[in-house]
Amino acid sequence: MAVGIFDSGLGGLTVLDAVSKRLPDVPLVYFGDSAHAPYGVRDADDIYELTTKACERLFSAGCDLVILACNTASAAALRRMQEGWVPTDKRVLGVFVPLIEALTERQWGDNSPPREVAVKHVALFATPATVSSRAFQRELAFRAIGVDVEAQACGGVVDAIEDGDMILAEALVKSHVDALKRKMPDPDAAVLGCTHYPLMHKEFQAALGTDVKVFSQADLVADSLADYLDRHPNMRGPGTESAFLTTGDPARVSSRATQFLRRQITFEAA
C-alpha cells in the first residue's frame with residue numbers, strides 16, 4: 001500500500017499533507033535528506049547520487065512508487081534515473097508535469113501535440129539548480145507553444161525556511177520578486193517551483209499582485225497521484241506503515257516539521 005515521498009528537507013511536507021488528505025487510506029513514507037539540504041546549490045551528479053540513495057531507502061521501506069517532491073531532484077536527476085537506474089518493478093515520478101498540465105489546462109495524460117495556451121508570460125521561482133537545468137522549460141515545450149518563461153533563482157529562501165526564519169524568508173521573497181519583475185514586469189502567472197515555497201504563498205502573491213495567478217504544487221501533485229494509482233493499482237507497494245525518515249537530527253527535524261504542519265510529526269533516523 002505504501003507510497004514514498006522524497007524531499008531534500010522539509011518542503012515536501014506540503015505535498016505529503018495534500019496527499020494524506022486526498023488519499024487518507026494510503027500509508028506514506030516520507031524521507032527528508034536534511035543532512036544534505038539544500039540541494040539547490042549542488043551540482044547535478046551530487047543531486048543524482050543523493051536522490052538515488054534516498055529512493056533505495058524508500059524502496060526498502062515497502063514503497064514501489066516514489067514521488068520526488070523535491071523540484072531540484074526532479075529537474076536535475078529524474079530523467080537520468082528513469083532512463084537507466086529505476087528498477088523495472090518500481091516507479092519514480094516528479095512534480096513538474098502535474099504543475100505544467102494545470103498551467104496549460106491539459107488533462108492528466110493528454111499526450112497531444114503542443115499548442116497555444118491562455119498564459120503567455122510565466123514567472124518561474126525556483127532554486128539555482130532547477131533554474132540552470134531548464135527542466136521546467138523543457139517539459140513545458142512538450143505541451144505548449146508561445147509561452148515566455150522568465151526564471152528567477154531564489155537563493156537563500158530554502159535555508160531560511162529550514163531554519164525557521166520566516167522574517168528573512170519573507171524579505172528574500174520580496175527581493176526575488178522585485179528582481180523578476182525588472183525582467184518581466186507583467187507576468188500572467190507565476191510558478192512556485194520548489195515545494196518549500198507554498199509555505200510563503202501569501203508573501204509571493206502579495207509581492208506579485210492580485211492579478212497574477214500563483215501556481216504551487218501540493219494539491220496538483222496529490223490529484224495527479226490519485227489518478228496515477230487509479231490507473232496503476234499495482235504500484236501500491238507492500239508497505240503498510242506510515243513513517244517519517246530523516247538524515248538529519250530527528251529531534252530538531254521533528255520540531256520544525258511540527259511547526260510547519262501544525263500537528264505532531266515525529267521523525268526517526270533514516
# chains A, B, ... in the order shown; residues from 1 in each chain; ligands from 1
>>> select_by_dssp(residues="segment 25-255 of chain A", states="strand (DSSP E)", output="PyMOL selection string")
chain A and resi 28-32+65-68+91-93+115-116+121-126+144-145+148-153+189-192+213-215+243-246
>>> residues_around(residues="Phe267 of chain A", least_positions_apart="2", cutoff="9 Å", atoms="only C-alpha atoms", output="NGL selection string")
:A and (243-246 or 249-251 or 253-254 or 257 or 265 or 269-270)
>>> atom_distance(atom1="atom CA of Glu116 of chain A", atom2="atom CA of Ala102 of chain A")
14.1 Å
>>> residues_around(residues="Val147 of chain A", least_positions_apart="3", cutoff="7 Å", atoms="only C-alpha atoms", output="list in words")
Val119, Lys120, His121 and Ala144 of chain A
>>> write_last_selection(atoms="N, CA, C and O atoms", output="JSON list (two decimals), in the first residue's frame")
[["chain", "number", "residue", "atom", "x", "y", "z"],
["A", 119, "VAL", "N", -2.01, 31.31, -21.10],
["A", 119, "VAL", "CA", -0.92, 32.09, -20.50],
["A", 119, "VAL", "C", 0.18, 32.33, -21.51],
["A", 119, "VAL", "O", 0.50, 31.45, -22.32],
["A", 120, "LYS", "N", 0.75, 33.52, -21.48],
["A", 120, "LYS", "CA", 1.82, 33.88, -22.42],
["A", 120, "LYS", "C", 3.12, 34.26, -21.72],
["A", 120, "LYS", "O", 4.19, 34.14, -22.29],
["A", 121, "HIS", "N", 3.01, 34.74, -20.48],
["A", 121, "HIS", "CA", 4.19, 35.22, -19.75],
["A", 121, "HIS", "C", 4.19, 34.59, -18.36],
["A", 121, "HIS", "O", 3.33, 34.91, -17.53],
["A", 144, "ALA", "N", 3.06, 23.06, -24.70],
["A", 144, "ALA", "CA", 2.59, 24.40, -25.08],
["A", 144, "ALA", "C", 3.62, 25.10, -25.96],
["A", 144, "ALA", "O", 4.82, 24.85, -25.85]]
>>> residues_around(residues="Asp33 of chain A", least_positions_apart="6", cutoff="8 Å", atoms="only C-alpha atoms", output="short mmCIF file (atom, residue, chain, number, x, y, z; two decimals) with N, CA, C and O atoms, in the first residue's frame")
data_model
loop_
_atom_site.label_atom_id
_atom_site.label_comp_id
_atom_site.auth_asym_id
_atom_site.auth_seq_id
_atom_site.Cartn_x
_atom_site.Cartn_y
_atom_site.Cartn_z
N ASP A 7 12.09 14.44 -0.28
CA ASP A 7 12.48 15.84 -0.43
C ASP A 7 13.85 16.03 0.19
O ASP A 7 14.26 15.25 1.06
N SER A 8 14.53 17.08 -0.25
CA SER A 8 15.85 17.36 0.30
C SER A 8 15.76 17.78 1.76
O SER A 8 16.73 17.69 2.50
N GLY A 9 14.60 18.26 2.18
CA GLY A 9 14.43 18.68 3.57
C GLY A 9 12.98 18.60 3.97
O GLY A 9 12.36 17.53 3.87
N ALA A 54 18.37 7.97 -1.53
CA ALA A 54 17.12 8.16 -0.79
C ALA A 54 16.02 7.24 -1.34
O ALA A 54 15.26 6.65 -0.56
N THR A 246 14.62 10.80 8.37
CA THR A 246 15.50 11.93 8.10
C THR A 246 16.96 11.53 8.26
O THR A 246 17.29 10.69 9.11
N THR A 247 17.80 12.17 7.46
CA THR A 247 19.24 12.01 7.64
C THR A 247 19.78 13.04 8.63
O THR A 247 20.95 12.99 9.00
N GLY A 248 18.94 13.98 9.03
CA GLY A 248 19.34 15.00 9.99
C GLY A 248 19.10 14.55 11.42
O GLY A 248 18.90 13.36 11.70
#
>>> closest_residue(among="A:Asp165, A:Ala218, A:Thr240, A:Thr210", to="Ser20 of chain A", atoms="only C-alpha atoms")
A:Ala218
>>> closest_residue(among="A:Ala226, A:Leu199, A:Ala73, A:Leu99", to="Thr52 of chain A", atoms="only C-alpha atoms")
A:Ala73
>>> select_by_dssp(residues="segment 26-259 of chain A", states="helix (DSSP H, G or I)", output="number ranges by chain")
A: 34-36, 44-60, 71-76, 78-84, 96-103, 128-133, 135-141, 157-162, 166-183, 197-208, 218-231, 233-235, 250-259
>>> residues_around(residues="Phe204 of chain A", least_positions_apart="2", cutoff="10 Å", atoms="only C-alpha atoms", output="mmCIF file with C-alpha atoms, in the first residue's frame")
data_model
loop_
_atom_site.group_PDB
_atom_site.id
_atom_site.type_symbol
_atom_site.label_atom_id
_atom_site.label_comp_id
_atom_site.auth_asym_id
_atom_site.auth_seq_id
_atom_site.Cartn_x
_atom_site.Cartn_y
_atom_site.Cartn_z
ATOM 1 C CA PHE A 125 10.637 30.956 -8.977
ATOM 2 C CA GLU A 170 9.700 36.987 3.556
ATOM 3 C CA VAL A 173 10.804 36.528 -1.405
ATOM 4 C CA LYS A 174 10.145 40.229 -1.899
ATOM 5 C CA HIS A 176 13.447 37.895 -5.674
ATOM 6 C CA VAL A 177 10.027 39.008 -6.926
ATOM 7 C CA ALA A 190 3.792 32.606 -11.517
ATOM 8 C CA VAL A 191 5.046 29.125 -10.686
ATOM 9 C CA LEU A 192 6.410 28.308 -7.244
ATOM 10 C CA TYR A 197 7.706 27.876 -1.421
ATOM 11 C CA PRO A 198 3.998 27.157 -0.737
ATOM 12 C CA LEU A 199 4.844 27.982 2.870
ATOM 13 C CA MET A 200 5.423 31.531 1.525
ATOM 14 C CA HIS A 201 2.474 31.546 -0.889
ATOM 15 C CA LYS A 202 0.861 34.637 0.647
ATOM 16 C CA ALA A 206 1.408 39.950 -2.148
ATOM 17 C CA ALA A 207 4.662 40.840 -3.889
ATOM 18 C CA LEU A 208 3.377 39.847 -7.330
ATOM 19 C CA GLY A 209 -0.034 41.474 -7.010
ATOM 20 C CA VAL A 212 -1.058 37.250 -11.132
ATOM 21 C CA VAL A 214 0.200 31.792 -8.496
#
>>> residues_around(residues="Phe59 of chain A", least_positions_apart="6", cutoff="12 Å", atoms="only C-alpha atoms", output="PDB file with C-alpha atoms, in the first residue's frame")
ATOM      1  CA  ALA A   2       2.786   2.476   0.865  1.00  0.00           C
ATOM      2  CA  VAL A   3       3.905   5.381  -1.342  1.00  0.00           C
ATOM      3  CA  GLY A   4       7.207   7.172  -0.777  1.00  0.00           C
ATOM      4  CA  ILE A   5       7.655  10.941  -0.784  1.00  0.00           C
ATOM      5  CA  PHE A   6      11.167  12.334  -1.020  1.00  0.00           C
ATOM      6  CA  VAL A  29       6.752   7.109   3.978  1.00  0.00           C
ATOM      7  CA  TYR A  30       8.481  10.495   3.933  1.00  0.00           C
ATOM      8  CA  PHE A  31      12.246  10.800   3.511  1.00  0.00           C
ATOM      9  CA  THR A  52      19.070   7.563  -5.801  1.00  0.00           C
ATOM     10  CA  LYS A  53      20.302   6.704  -2.300  1.00  0.00           C
ATOM     11  CA  LEU A  65       6.286   4.227  -6.133  1.00  0.00           C
ATOM     12  CA  VAL A  66       8.269   7.291  -5.040  1.00  0.00           C
ATOM     13  CA  ILE A  67       7.312  10.906  -5.639  1.00  0.00           C
ATOM     14  CA  VAL A  86      14.902   2.831 -11.738  1.00  0.00           C
ATOM     15  CA  PRO A  87      14.205  -0.939 -11.381  1.00  0.00           C
ATOM     16  CA  ASP A  89       9.153  -3.073 -10.888  1.00  0.00           C
ATOM     17  CA  LYS A  90       9.463   0.436  -9.354  1.00  0.00           C
ATOM     18  CA  ARG A  91       8.405   3.931 -10.400  1.00  0.00           C
ATOM     19  CA  VAL A  92       9.868   7.332  -9.564  1.00  0.00           C
ATOM     20  CA  MET A 235       2.198   0.342  -7.905  1.00  0.00           C
ATOM     21  CA  ARG A 236       0.833   0.447  -4.380  1.00  0.00           C
ATOM     22  CA  GLY A 237       3.791  -1.083  -2.591  1.00  0.00           C
ATOM     23  CA  PRO A 238       3.785  -3.815   0.066  1.00  0.00           C
ATOM     24  CA  GLY A 239       4.464  -1.402   2.942  1.00  0.00           C
TER      25      GLY A 239
END
>>> closest_residue(among="A:Ala179, A:Leu172, A:Leu28, A:Ile145", to="Ala61 of chain A", atoms="only C-alpha atoms")
A:Leu28
>>> atom_distance(atom1="atom CA of Ser175 of chain A", atom2="atom CA of Gly193 of chain A")
16.6 Å
>>> decode(residues="segment 233-270 of chain A", atoms="N, CA and C atoms", output="PDB file, in the first residue's frame")
ATOM      1  N   PRO A 233      -2.905   0.430 -10.136  1.00  0.00           N
ATOM      2  CA  PRO A 233      -3.065  -0.019  -8.740  1.00  0.00           C
ATOM      3  C   PRO A 233      -1.955  -0.963  -8.286  1.00  0.00           C
ATOM      4  N   ASN A 234      -1.258  -1.586  -9.233  1.00  0.00           N
ATOM      5  CA  ASN A 234      -0.165  -2.496  -8.878  1.00  0.00           C
ATOM      6  C   ASN A 234       1.039  -1.757  -8.297  1.00  0.00           C
ATOM      7  N   MET A 235       1.061  -0.407  -8.427  1.00  0.00           N
ATOM      8  CA  MET A 235       2.198   0.342  -7.905  1.00  0.00           C
ATOM      9  C   MET A 235       2.033   0.713  -6.437  1.00  0.00           C
ATOM     10  N   ARG A 236       0.942   0.311  -5.834  1.00  0.00           N
ATOM     11  CA  ARG A 236       0.833   0.447  -4.380  1.00  0.00           C
ATOM     12  C   ARG A 236       1.740  -0.611  -3.757  1.00  0.00           C
ATOM     13  N   GLY A 237       2.774  -0.164  -3.083  1.00  0.00           N
ATOM     14  CA  GLY A 237       3.791  -1.083  -2.591  1.00  0.00           C
ATOM     15  C   GLY A 237       3.312  -1.947  -1.442  1.00  0.00           C
ATOM     16  N   PRO A 238       4.161  -2.886  -0.998  1.00  0.00           N
ATOM     17  CA  PRO A 238       3.785  -3.815   0.066  1.00  0.00           C
ATOM     18  C   PRO A 238       3.807  -3.208   1.470  1.00  0.00           C
ATOM     19  N   GLY A 239       4.383  -2.014   1.618  1.00  0.00           N
ATOM     20  CA  GLY A 239       4.464  -1.402   2.942  1.00  0.00           C
ATOM     21  C   GLY A 239       3.092  -1.082   3.505  1.00  0.00           C
ATOM     22  N   THR A 240       2.944  -1.169   4.818  1.00  0.00           N
ATOM     23  CA  THR A 240       1.642  -0.928   5.453  1.00  0.00           C
ATOM     24  C   THR A 240       1.681   0.174   6.508  1.00  0.00           C
ATOM     25  N   GLU A 241       2.880   0.682   6.840  1.00  0.00           N
ATOM     26  CA  GLU A 241       3.007   1.666   7.903  1.00  0.00           C
ATOM     27  C   GLU A 241       3.523   2.994   7.366  1.00  0.00           C
ATOM     28  N   SER A 242       2.937   4.082   7.861  1.00  0.00           N
ATOM     29  CA  SER A 242       3.470   5.411   7.560  1.00  0.00           C
ATOM     30  C   SER A 242       4.694   5.669   8.432  1.00  0.00           C
ATOM     31  N   ALA A 243       5.609   6.484   7.916  1.00  0.00           N
ATOM     32  CA  ALA A 243       6.818   6.794   8.682  1.00  0.00           C
ATOM     33  C   ALA A 243       7.424   8.092   8.165  1.00  0.00           C
ATOM     34  N   PHE A 244       8.222   8.728   9.021  1.00  0.00           N
ATOM     35  CA  PHE A 244       8.968   9.930   8.660  1.00  0.00           C
ATOM     36  C   PHE A 244      10.443   9.650   8.934  1.00  0.00           C
ATOM     37  N   LEU A 245      11.266   9.710   7.888  1.00  0.00           N
ATOM     38  CA  LEU A 245      12.684   9.389   7.994  1.00  0.00           C
ATOM     39  C   LEU A 245      13.516  10.627   7.670  1.00  0.00           C
ATOM     40  N   THR A 246      14.622  10.799   8.369  1.00  0.00           N
ATOM     41  CA  THR A 246      15.498  11.933   8.095  1.00  0.00           C
ATOM     42  C   THR A 246      16.956  11.534   8.265  1.00  0.00           C
ATOM     43  N   THR A 247      17.801  12.169   7.460  1.00  0.00           N
ATOM     44  CA  THR A 247      19.243  12.013   7.639  1.00  0.00           C
ATOM     45  C   THR A 247      19.777  13.041   8.626  1.00  0.00           C
ATOM     46  N   GLY A 248      18.938  13.980   9.028  1.00  0.00           N
ATOM     47  CA  GLY A 248      19.339  14.999   9.990  1.00  0.00           C
ATOM     48  C   GLY A 248      19.103  14.550  11.422  1.00  0.00           C
ATOM     49  N   ASP A 249      19.112  15.508  12.327  1.00  0.00           N
ATOM     50  CA  ASP A 249      18.851  15.224  13.738  1.00  0.00           C
ATOM     51  C   ASP A 249      17.349  15.042  13.919  1.00  0.00           C
ATOM     52  N   PRO A 250      16.883  13.836  14.288  1.00  0.00           N
ATOM     53  CA  PRO A 250      15.445  13.586  14.332  1.00  0.00           C
ATOM     54  C   PRO A 250      14.674  14.543  15.238  1.00  0.00           C
ATOM     55  N   ALA A 251      15.234  14.888  16.391  1.00  0.00           N
ATOM     56  CA  ALA A 251      14.530  15.770  17.322  1.00  0.00           C
ATOM     57  C   ALA A 251      14.349  17.162  16.717  1.00  0.00           C
ATOM     58  N   ARG A 252      15.409  17.693  16.127  1.00  0.00           N
ATOM     59  CA  ARG A 252      15.330  19.032  15.536  1.00  0.00           C
ATOM     60  C   ARG A 252      14.380  19.045  14.337  1.00  0.00           C
ATOM     61  N   VAL A 253      14.501  18.031  13.477  1.00  0.00           N
ATOM     62  CA  VAL A 253      13.649  17.964  12.288  1.00  0.00           C
ATOM     63  C   VAL A 253      12.182  17.778  12.692  1.00  0.00           C
ATOM     64  N   SER A 254      11.944  16.965  13.698  1.00  0.00           N
ATOM     65  CA  SER A 254      10.566  16.761  14.176  1.00  0.00           C
ATOM     66  C   SER A 254       9.965  18.069  14.676  1.00  0.00           C
ATOM     67  N   SER A 255      10.752  18.854  15.393  1.00  0.00           N
ATOM     68  CA  SER A 255      10.277  20.127  15.914  1.00  0.00           C
ATOM     69  C   SER A 255       9.898  21.075  14.782  1.00  0.00           C
ATOM     70  N   ARG A 256      10.774  21.182  13.766  1.00  0.00           N
ATOM     71  CA  ARG A 256      10.488  22.046  12.625  1.00  0.00           C
ATOM     72  C   ARG A 256       9.254  21.555  11.863  1.00  0.00           C
ATOM     73  N   ALA A 257       9.166  20.248  11.647  1.00  0.00           N
ATOM     74  CA  ALA A 257       8.041  19.688  10.896  1.00  0.00           C
ATOM     75  C   ALA A 257       6.723  19.924  11.621  1.00  0.00           C
ATOM     76  N   THR A 258       6.742  19.798  12.932  1.00  0.00           N
ATOM     77  CA  THR A 258       5.535  20.029  13.733  1.00  0.00           C
ATOM     78  C   THR A 258       5.092  21.489  13.603  1.00  0.00           C
ATOM     79  N   GLN A 259       6.051  22.409  13.559  1.00  0.00           N
ATOM     80  CA  GLN A 259       5.724  23.826  13.354  1.00  0.00           C
ATOM     81  C   GLN A 259       5.111  24.042  11.976  1.00  0.00           C
ATOM     82  N   PHE A 260       5.688  23.407  10.947  1.00  0.00           N
ATOM     83  CA  PHE A 260       5.217  23.602   9.580  1.00  0.00           C
ATOM     84  C   PHE A 260       3.782  23.133   9.401  1.00  0.00           C
ATOM     85  N   LEU A 261       3.498  21.907   9.870  1.00  0.00           N
ATOM     86  CA  LEU A 261       2.190  21.289   9.612  1.00  0.00           C
ATOM     87  C   LEU A 261       1.190  21.538  10.733  1.00  0.00           C
ATOM     88  N   ARG A 262       1.658  22.127  11.828  1.00  0.00           N
ATOM     89  CA  ARG A 262       0.804  22.420  12.980  1.00  0.00           C
ATOM     90  C   ARG A 262       0.118  21.152  13.507  1.00  0.00           C
ATOM     91  N   ARG A 263       0.826  20.055  13.439  1.00  0.00           N
ATOM     92  CA  ARG A 263       0.419  18.806  14.091  1.00  0.00           C
ATOM     93  C   ARG A 263       1.687  18.030  14.415  1.00  0.00           C
ATOM     94  N   GLN A 264       1.596  17.153  15.374  1.00  0.00           N
ATOM     95  CA  GLN A 264       2.779  16.452  15.844  1.00  0.00           C
ATOM     96  C   GLN A 264       3.348  15.530  14.750  1.00  0.00           C
ATOM     97  N   ILE A 265       4.585  15.747  14.399  1.00  0.00           N
ATOM     98  CA  ILE A 265       5.297  14.913  13.434  1.00  0.00           C
ATOM     99  C   ILE A 265       6.559  14.409  14.120  1.00  0.00           C
ATOM    100  N   THR A 266       6.774  13.092  14.072  1.00  0.00           N
ATOM    101  CA  THR A 266       7.938  12.503  14.727  1.00  0.00           C
ATOM    102  C   THR A 266       8.791  11.776  13.701  1.00  0.00           C
ATOM    103  N   PHE A 267       9.976  12.321  13.460  1.00  0.00           N
ATOM    104  CA  PHE A 267      10.930  11.702  12.540  1.00  0.00           C
ATOM    105  C   PHE A 267      11.804  10.699  13.266  1.00  0.00           C
ATOM    106  N   GLU A 268      12.265   9.718  12.510  1.00  0.00           N
ATOM    107  CA  GLU A 268      13.265   8.779  13.016  1.00  0.00           C
ATOM    108  C   GLU A 268      14.457   8.794  12.058  1.00  0.00           C
ATOM    109  N   ALA A 269      15.597   8.345  12.558  1.00  0.00           N
ATOM    110  CA  ALA A 269      16.816   8.338  11.729  1.00  0.00           C
ATOM    111  C   ALA A 269      16.652   7.393  10.542  1.00  0.00           C
ATOM    112  N   ALA A 270      17.043   7.873   9.375  1.00  0.00           N
ATOM    113  CA  ALA A 270      16.919   7.054   8.176  1.00  0.00           C
ATOM    114  C   ALA A 270      17.960   5.946   8.133  1.00  0.00           C
TER     115      ALA A 270
END
